[in-house]
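Listing of target31.cif; format and content: mmCIF, C-alpha atoms.
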data_run
loop_
_atom_site.label_atom_id
_atom_site.label_comp_id
_atom_site.auth_asym_id
_atom_site.auth_seq_id
_atom_site.Cartn_x
_atom_site.Cartn_y
_atom_site.Cartn_z
CA MET A 1 18.15 15.40 5.65
CA GLU A 2 17.75 13.35 2.44
CA PRO A 3 16.65 15.16 -0.71
CA ASN A 4 13.10 14.30 -1.75
CA THR A 5 13.56 12.72 -5.17
CA ARG A 6 9.98 11.50 -5.53
CA SER A 7 8.24 14.85 -5.69
CA ALA A 8 7.75 16.35 -9.12
CA GLY A 9 10.25 19.06 -10.00
CA ARG A 10 12.95 17.96 -7.53
CA LEU A 11 16.43 17.03 -8.69
CA PRO A 12 17.78 13.53 -7.94
CA ALA A 13 20.15 13.26 -5.00
CA ALA A 14 23.12 12.82 -7.32
CA PHE A 15 22.77 16.41 -8.49
CA LEU A 16 22.74 17.77 -4.95
CA THR A 17 25.72 15.80 -3.63
CA PRO A 18 29.22 17.36 -3.74
CA GLY A 19 31.58 15.32 -5.88
CA SER A 20 34.27 15.38 -8.54
CA SER A 21 34.87 18.40 -10.74
CA SER A 22 34.98 16.00 -13.70
CA PHE A 23 31.70 15.62 -15.58
CA MET A 24 32.92 12.30 -16.99
CA ASP A 25 33.47 10.96 -13.46
CA PHE A 26 29.99 12.13 -12.47
CA LEU A 27 28.40 10.51 -15.51
CA GLY A 28 30.43 7.34 -15.01
CA ALA A 29 29.22 7.04 -11.41
CA HIS A 30 25.52 7.68 -12.03
CA SER A 31 24.80 6.80 -15.67
CA PRO A 32 27.83 4.93 -17.05
CA GLU A 33 25.83 3.59 -20.00
CA LEU A 34 25.69 7.13 -21.42
CA LEU A 35 29.47 7.31 -21.91
CA PRO A 36 30.39 6.57 -25.55
CA GLY A 37 33.07 4.06 -24.58
CA ASN A 38 30.62 1.93 -22.56
CA ARG A 39 28.25 1.18 -25.40
CA LYS A 40 27.98 -2.38 -26.67
CA LEU A 41 28.71 -2.76 -30.34
CA PRO A 42 28.30 -5.67 -32.74
CA GLU A 43 31.44 -7.61 -33.59
CA GLY A 44 33.48 -6.66 -36.61
CA VAL A 45 34.43 -3.37 -38.23
CA ILE A 46 31.58 -0.87 -38.58
CA GLU A 47 31.37 1.34 -41.66
CA ALA A 48 30.52 4.94 -40.78
CA PRO A 49 31.20 8.43 -42.21
CA HIS A 50 34.70 9.67 -41.43
CA GLY A 51 36.01 13.20 -41.20
CA THR A 52 39.42 13.75 -42.68
CA THR A 53 42.05 16.48 -42.59
CA ILE A 54 42.66 18.98 -39.78
CA VAL A 55 45.60 21.42 -39.69
CA ALA A 56 46.94 23.96 -37.20
CA THR A 57 49.76 26.46 -37.00
CA THR A 58 51.02 28.93 -34.42
CA PHE A 59 51.97 32.55 -34.96
CA PRO A 60 53.34 35.09 -32.45
CA GLY A 61 49.85 36.24 -31.41
CA GLY A 62 48.08 32.90 -31.15
CA VAL A 63 47.15 29.77 -33.08
CA VAL A 64 45.06 28.90 -36.14
CA LEU A 65 43.03 25.67 -36.38
CA ALA A 66 41.29 24.69 -39.62
CA GLY A 67 39.61 21.75 -41.30
CA ASP A 68 38.25 20.73 -44.67
CA ARG A 69 34.53 20.02 -45.14
CA ARG A 70 34.41 16.49 -46.62
CA ALA A 71 33.25 13.31 -44.89
CA THR A 72 33.73 9.95 -46.61
CA MET A 73 32.38 6.44 -46.19
CA GLY A 74 34.59 3.98 -47.99
CA ASN A 75 35.08 5.31 -51.50
CA MET A 76 31.94 7.46 -51.31
CA ILE A 77 31.56 11.12 -50.33
CA ALA A 78 29.14 10.97 -47.40
CA GLN A 79 28.89 14.74 -46.86
CA ARG A 80 30.44 17.75 -48.55
CA ASP A 81 29.89 20.43 -45.91
CA ILE A 82 30.51 18.73 -42.55
CA GLU A 83 31.89 20.90 -39.74
CA LYS A 84 35.00 19.52 -38.05
CA VAL A 85 36.33 22.42 -35.97
CA PHE A 86 34.55 23.44 -32.75
CA PRO A 87 35.27 25.78 -29.82
CA ALA A 88 36.06 23.81 -26.66
CA ASP A 89 35.73 26.93 -24.53
CA GLU A 90 36.60 30.62 -24.82
CA TYR A 91 40.33 30.03 -25.37
CA SER A 92 40.60 26.62 -27.06
CA ALA A 93 39.24 24.58 -29.95
CA VAL A 94 39.11 21.00 -31.21
CA GLY A 95 39.39 19.74 -34.77
CA ILE A 96 38.07 16.23 -35.35
CA ALA A 97 39.32 13.47 -37.65
CA GLY A 98 37.93 9.96 -37.60
CA THR A 99 34.40 8.62 -37.13
CA ALA A 100 32.32 11.74 -37.62
CA GLY A 101 29.27 11.07 -35.44
CA LEU A 102 31.29 9.74 -32.53
CA ALA A 103 33.80 12.59 -32.83
CA VAL A 104 31.09 15.26 -32.65
CA GLU A 105 29.61 13.54 -29.60
CA MET A 106 33.05 13.47 -27.96
CA VAL A 107 33.50 17.18 -28.60
CA LYS A 108 30.15 17.96 -26.96
CA LEU A 109 31.12 15.85 -23.95
CA PHE A 110 34.49 17.64 -23.79
CA GLN A 111 32.73 21.02 -23.84
CA LEU A 112 30.54 19.87 -20.94
CA GLU A 113 33.60 18.59 -19.09
CA LEU A 114 35.30 22.00 -19.23
CA GLU A 115 32.10 23.88 -18.33
CA HIS A 116 31.39 21.53 -15.42
CA PHE A 117 34.91 21.99 -14.03
CA GLU A 118 34.63 25.77 -14.23
CA LYS A 119 31.27 25.79 -12.42
CA VAL A 120 32.39 23.42 -9.66
CA GLU A 121 35.88 24.86 -9.10
CA GLY A 122 35.12 28.49 -9.89
CA ALA A 123 38.17 28.61 -12.20
CA THR A 124 39.12 27.43 -15.66
CA LEU A 125 41.48 24.55 -16.34
CA SER A 126 44.91 25.40 -17.66
CA LEU A 127 45.48 24.60 -21.34
CA GLU A 128 47.68 21.69 -20.24
CA GLY A 129 44.84 20.42 -18.05
CA LYS A 130 42.36 20.65 -20.92
CA ALA A 131 44.71 18.67 -23.15
CA ASN A 132 45.02 15.99 -20.46
CA ARG A 133 41.22 15.73 -20.04
CA LEU A 134 40.81 15.22 -23.79
CA SER A 135 43.49 12.53 -23.70
CA THR A 136 41.51 10.64 -21.05
CA MET A 137 38.36 10.82 -23.15
CA ILE A 138 40.12 9.43 -26.23
CA ARG A 139 41.63 6.61 -24.16
CA SER A 140 38.19 5.61 -22.94
CA ASN A 141 37.17 5.14 -26.58
CA LEU A 142 39.89 2.56 -27.30
CA GLY A 143 37.42 -0.35 -27.51
CA MET A 144 35.47 1.41 -30.25
CA ALA A 145 38.69 2.41 -32.01
CA MET A 146 39.64 -1.26 -32.27
CA GLN A 147 36.38 -1.82 -34.16
CA GLY A 148 37.11 0.93 -36.65
CA LEU A 149 35.43 3.81 -34.80
CA ALA A 150 38.55 5.82 -34.02
CA VAL A 151 38.59 9.51 -33.13
CA VAL A 152 41.89 11.38 -33.52
CA PRO A 153 41.46 15.10 -32.80
CA LEU A 154 43.80 18.06 -32.91
CA PHE A 155 43.53 20.42 -29.93
CA ALA A 156 44.75 24.02 -29.93
CA GLY A 157 44.39 27.04 -27.72
CA TRP A 158 45.83 30.14 -26.11
CA ASP A 159 47.91 29.43 -23.02
CA GLU A 160 47.24 32.35 -20.69
CA GLY A 161 50.14 31.39 -18.42
CA LYS A 162 52.76 31.12 -21.17
CA GLU A 163 51.07 33.80 -23.30
CA LYS A 164 51.29 31.88 -26.56
CA GLY A 165 49.31 29.55 -28.80
CA ARG A 166 49.89 25.81 -28.39
CA ILE A 167 48.93 22.69 -30.37
CA PHE A 168 48.39 19.13 -29.10
CA SER A 169 48.01 15.99 -31.23
CA TYR A 170 46.77 12.55 -30.15
CA ASP A 171 46.83 8.91 -31.19
CA VAL A 172 43.95 6.43 -30.85
CA THR A 173 45.18 5.27 -27.41
CA GLY A 174 44.97 8.79 -25.98
CA GLY A 175 48.71 9.41 -26.24
CA ARG A 176 49.31 13.16 -26.29
CA SER A 177 52.11 15.12 -27.94
CA GLU A 178 52.69 18.85 -28.09
CA GLU A 179 53.43 20.04 -31.62
CA HIS A 180 55.66 23.03 -32.26
CA GLY A 181 54.96 25.37 -35.15
CA PHE A 182 52.40 23.35 -37.06
CA ALA A 183 50.53 20.03 -37.05
CA ALA A 184 48.09 17.97 -39.09
CA THR A 185 45.94 14.89 -38.55
CA GLY A 186 43.62 12.82 -40.72
CA SER A 187 43.95 11.04 -44.04
CA GLY A 188 45.48 14.02 -45.85
CA SER A 189 47.82 14.96 -43.00
CA ILE A 190 51.00 13.72 -44.68
CA PHE A 191 50.42 16.06 -47.63
CA ALA A 192 49.25 18.96 -45.47
CA ARG A 193 52.27 18.60 -43.21
CA GLY A 194 54.62 18.60 -46.18
CA SER A 195 53.02 21.81 -47.43
CA MET A 196 53.25 23.53 -44.05
CA LYS A 197 56.84 22.38 -43.59
CA LYS A 198 57.83 24.47 -46.59
CA LEU A 199 55.61 27.46 -45.88
CA TYR A 200 55.85 27.84 -42.09
CA ARG A 201 58.08 30.36 -40.35
CA PRO A 202 57.99 31.57 -36.72
CA ASP A 203 57.16 35.20 -37.52
CA LEU A 204 53.99 34.68 -39.54
CA THR A 205 51.28 37.29 -39.22
CA GLU A 206 47.72 36.19 -38.48
CA GLU A 207 46.77 36.75 -42.12
CA GLN A 208 49.72 34.68 -43.34
CA ALA A 209 48.91 31.91 -40.84
CA THR A 210 45.30 31.66 -42.02
CA THR A 211 46.47 31.62 -45.65
CA LEU A 212 48.99 28.90 -44.80
CA VAL A 213 46.38 26.49 -43.36
CA VAL A 214 44.07 26.95 -46.36
CA GLN A 215 47.05 26.37 -48.67
CA ALA A 216 47.89 23.18 -46.74
CA LEU A 217 44.30 21.91 -47.05
CA TYR A 218 44.35 22.72 -50.76
CA ASP A 219 47.56 20.70 -51.20
CA ALA A 220 46.14 17.81 -49.17
CA ALA A 221 42.99 17.74 -51.31
CA ASP A 222 45.17 17.69 -54.42
CA ASP A 223 46.62 14.29 -53.42
CA ASP A 224 44.09 12.79 -51.00
CA SER A 225 40.62 11.96 -52.33
CA ALA A 226 39.14 11.95 -48.81
CA THR A 227 40.07 15.61 -48.28
CA GLY A 228 37.80 18.24 -49.78
CA GLY A 229 39.37 21.36 -51.22
CA PRO A 230 37.65 24.74 -51.53
CA ASP A 231 34.47 24.28 -53.59
CA LEU A 232 33.99 27.60 -55.34
CA TYR A 233 30.89 26.46 -57.22
CA ARG A 234 28.96 25.19 -54.19
CA HIS A 235 30.40 27.95 -51.96
CA ILE A 236 31.86 25.42 -49.51
CA TYR A 237 35.08 26.60 -47.90
CA PRO A 238 37.37 25.33 -45.12
CA ILE A 239 36.46 26.23 -41.56
CA VAL A 240 39.23 28.47 -40.22
CA THR A 241 39.42 29.53 -36.57
CA VAL A 242 41.82 31.84 -34.76
CA ILE A 243 42.52 31.75 -31.02
CA THR A 244 44.38 34.64 -29.39
CA ASP A 245 44.45 36.36 -26.01
CA GLU A 246 41.09 37.83 -27.01
CA GLY A 247 39.56 34.37 -27.31
CA PHE A 248 38.17 32.08 -30.00
CA ARG A 249 37.05 33.49 -33.34
CA ARG A 250 35.75 31.68 -36.39
CA LEU A 251 36.35 33.39 -39.70
CA SER A 252 33.16 34.39 -41.47
CA ASP A 253 32.09 32.72 -44.70
CA GLU A 254 33.17 35.84 -46.56
CA GLU A 255 36.66 35.74 -45.01
CA SER A 256 37.04 32.02 -45.74
CA GLN A 257 35.85 32.58 -49.30
CA GLU A 258 38.43 35.32 -49.82
CA LEU A 259 41.22 33.08 -48.48
CA ALA A 260 40.11 30.19 -50.69
CA ARG A 261 39.97 32.38 -53.78
CA THR A 262 43.39 33.85 -53.03
CA VAL A 263 44.98 30.40 -52.70
CA THR A 264 43.14 29.01 -55.75
CA ASN A 265 44.07 31.95 -57.96
CA ARG A 266 47.72 31.73 -56.96
CA ARG A 267 47.79 28.02 -57.73
CA LEU A 268 46.22 28.63 -61.14
CA GLU A 269 48.95 31.16 -61.88
CA GLN A 270 51.74 29.02 -60.38
CA PRO A 271 50.67 25.34 -60.22
CA ASP A 272 53.77 24.29 -58.28
CA GLY A 273 52.83 26.61 -55.41
CA PRO A 274 56.25 28.21 -54.72
CA ARG A 275 57.02 29.61 -51.30
CA ALA A 276 57.00 33.15 -52.66
CA ALA A 277 53.33 32.83 -53.61
CA LEU A 278 52.34 32.69 -49.94
CA LEU A 279 54.96 34.84 -48.31
#
Would you write the structure of this file as structure tokens?
Amino acid sequence: MEPNTRSAGRLPAAFLTPGSSSFMDFLGAHSPELLPGNRKLPEGVIEAPHGTTIVATTFPGGVVLAGDRRATMGNMIAQRDIEKVFPADEYSAVGIAGTAGLAVEMVKLFQLELEHFEKVEGATLSLEGKANRLSTMIRSNLGMAMQGLAVVPLFAGWDEGKEKGRIFSYDVTGGRSEEHGFAATGSGSIFARGSMKKLYRPDLTEEQATTLVVQALYDAADDDSATGGPDLYRHIYPIVTVITDEGFRRLSDEESQELARTVTNRRLEQPDGPRAALL
């Protein structure tokens, strides 16, 4: 019996037909024009606001993912308080660097992808599976990336099977790499990575790990104009998230403020930021 799609209030047949557990496959089959990678763009490089630096580090109880709040467009500051770190599901999160609007849209599509899979299959994807799905989404955006609309996220989460936090980085082609210990992406990543390289150790506590990522963002902002450091006057602080076996948690504004003030005060006392100041 065919579903009645003409009567008001009835769902189209596509929604009542068993199919793939991938929301992207479903959308590609029934409304491919809605996928970001299928949009037609004018020729040439398009100027759009870009998000910058994202950092992550693991600690024995989980993983910390954080991002600064600045978006730039050329040499201009497009936004001072953009949000770049989002929960993907209960046990994972995505930090976005690259074309801001497109990146946020990709994150929302990724969230739908994971939710759709869970509803269809009755189980959640493994962390490895989530990382692979995100890789596929980035690869589908390659055409836009070639026109200057690249999205290069950092993905982190709690692996319930291995009982530890894990970090995955990507390139514009969707190539995926697992990072061990710490990672950074975006325009200030080279400076953030250098900071974390000196400060990281395997036995960090959660408090030390959250301090480390804020310190790394501070150091990145010190050398990269596209990265925004803690803004104590406007009360704009990095977004810091923690993912453990208890799930995703975003630090409150008060907690982020305290971390930012701690790092800033230490740097005022010791401008070179010695290792001892953090540990």
Within 8 Å of segment 152-167 of chain A, counting all atoms listed in the file, which residues qualify if same-chain residues fewer than 3 places away don't, as a PyMOL selection string?
-> chain A and resi 54-65+91-98+126-127+131+138+170-172+178-180+182-186+243-245+247
Residue nearest Thr52 of chain A among A:Leu199, A:Met106, A:Ala123, A:Ala220 (counting all atoms listed in the file) =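 Nearest candidate to Thr52 of chain A out of A:Leu199, A:Met106, A:Ala123, A:Ala220: A:Ala220.
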Quick one: apply the PyMOL selection byres ((chain A and resi 216) around 9) to the file and drop the selected residues here as a PyMOL selection string.
-> chain A and resi 55+191-196+199+211-215+217-221
Next, dump the selected residues to file, keeping only C-alpha atoms, as a compact mmCIF listing (two decimals), keeping the file's coordinate frame.
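Final output, out39.txt:
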# COMPACT_ATOMS: atom_id res chain seq x y z
CA VAL A 55 45.60 21.42 -39.69
CA PHE A 191 50.42 16.06 -47.63
CA ALA A 192 49.25 18.96 -45.47
CA ARG A 193 52.27 18.60 -43.21
CA GLY A 194 54.62 18.60 -46.18
CA SER A 195 53.02 21.81 -47.43
CA MET A 196 53.25 23.53 -44.05
CA LEU A 199 55.61 27.46 -45.88
CA THR A 211 46.47 31.62 -45.65
CA LEU A 212 48.99 28.90 -44.80
CA VAL A 213 46.38 26.49 -43.36
CA VAL A 214 44.07 26.95 -46.36
CA GLN A 215 47.05 26.37 -48.67
CA LEU A 217 44.30 21.91 -47.05
CA TYR A 218 44.35 22.72 -50.76
CA ASP A 219 47.56 20.70 -51.20
CA ALA A 220 46.14 17.81 -49.17
CA ALA A 221 42.99 17.74 -51.31
All residues 7 Å or closer to segment 67-82 of chain A, all atoms listed in the file, same chain fewer than 2 positions away omitted, as a list of chain:residue names =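 Close residues of segment 67-82 of chain A: A:Glu47, A:Ala48, A:Pro49, A:His50, A:Gly51, A:Thr52, A:Thr53, A:Ile54, A:Val55, A:Lys84, A:Val85, A:Gly95, A:Leu217, A:Ala226, A:Thr227, A:Gly228, A:Gly229, A:Ile236, A:Pro238, A:Ile239, A:Val240.
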Prev. selection, C-alpha atoms, output as a short mmCIF file (atom, residue, chain, number, x, y, z; two decimals), keeping the file's coordinate frame:
data_model
loop_
_atom_site.label_atom_id
_atom_site.label_comp_id
_atom_site.auth_asym_id
_atom_site.auth_seq_id
_atom_site.Cartn_x
_atom_site.Cartn_y
_atom_site.Cartn_z
CA GLU A 47 31.37 1.34 -41.66
CA ALA A 48 30.52 4.94 -40.78
CA PRO A 49 31.20 8.43 -42.21
CA HIS A 50 34.70 9.67 -41.43
CA GLY A 51 36.01 13.20 -41.20
CA THR A 52 39.42 13.75 -42.68
CA THR A 53 42.05 16.48 -42.59
CA ILE A 54 42.66 18.98 -39.78
CA VAL A 55 45.60 21.42 -39.69
CA LYS A 84 35.00 19.52 -38.05
CA VAL A 85 36.33 22.42 -35.97
CA GLY A 95 39.39 19.74 -34.77
CA LEU A 217 44.30 21.91 -47.05
CA ALA A 226 39.14 11.95 -48.81
CA THR A 227 40.07 15.61 -48.28
CA GLY A 228 37.80 18.24 -49.78
CA GLY A 229 39.37 21.36 -51.22
CA ILE A 236 31.86 25.42 -49.51
CA PRO A 238 37.37 25.33 -45.12
CA ILE A 239 36.46 26.23 -41.56
CA VAL A 240 39.23 28.47 -40.22
#
Quick one: residues within 10 Å of Glu254 of chain A, all atoms listed in the file counted, chain neighbours fewer than 4 positions away excluded, as a ChimeraX atom specification?
-> /A:235,237,258-260
Residues as selected, C-alpha atoms, written as a PDB file, in the coordinates of the input, can you do that?
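So part-v2.pdb came out as:
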ATOM      1  CA  HIS A 235      30.400  27.950 -51.960  1.00  0.00           C
ATOM      2  CA  TYR A 237      35.080  26.600 -47.900  1.00  0.00           C
ATOM      3  CA  GLU A 258      38.430  35.320 -49.820  1.00  0.00           C
ATOM      4  CA  LEU A 259      41.220  33.080 -48.480  1.00  0.00           C
ATOM      5  CA  ALA A 260      40.110  30.190 -50.690  1.00  0.00           C
TER       6      ALA A 260
END
d(atom CA of Arg176 of chain A, atom CA of Glu207 of chain A) in Å |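 Between atom CA of Arg176 of chain A and atom CA of Glu207 of chain A the gap works out to 28.5 Å.
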By how many Å are atom CA of Arg201 of chain A and atom CA of Gly181 of chain A apart?
->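 Atom CA of Arg201 of chain A sits 7.9 Å away from atom CA of Gly181 of chain A.
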Using only C-alpha atoms, pick whichever of A:Ala88, A:Ser177, A:Glu121, A:Pro230 has the shortest atom-to-atom distance to Lys108 of chain A.
->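 Closest to Lys108 of chain A of all the choices is A:Ala88.
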Between A:Leu125, A:Ala66, A:Ala103, A:Val120, single out the one closest to Asp89 of chain A, counting all atoms listed in the file.
->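 Closest to Asp89 of chain A, using all atoms listed in the file: A:Leu125.
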Quick one: pull the distance between atom CA of Val107 of chain A and atom CA of Ser256 of chain A, Å, one decimal.
->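 Computing it gives 22.9 Å between the two atoms.
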Please write as a ChimeraX atom specification the list of polymer residues whose atoms come within 6 Å of (38.9, 20.2, -21.6), counting only C-alpha atoms and keeping to the coordinates of the file.
-> /A:110,114,130,133-134
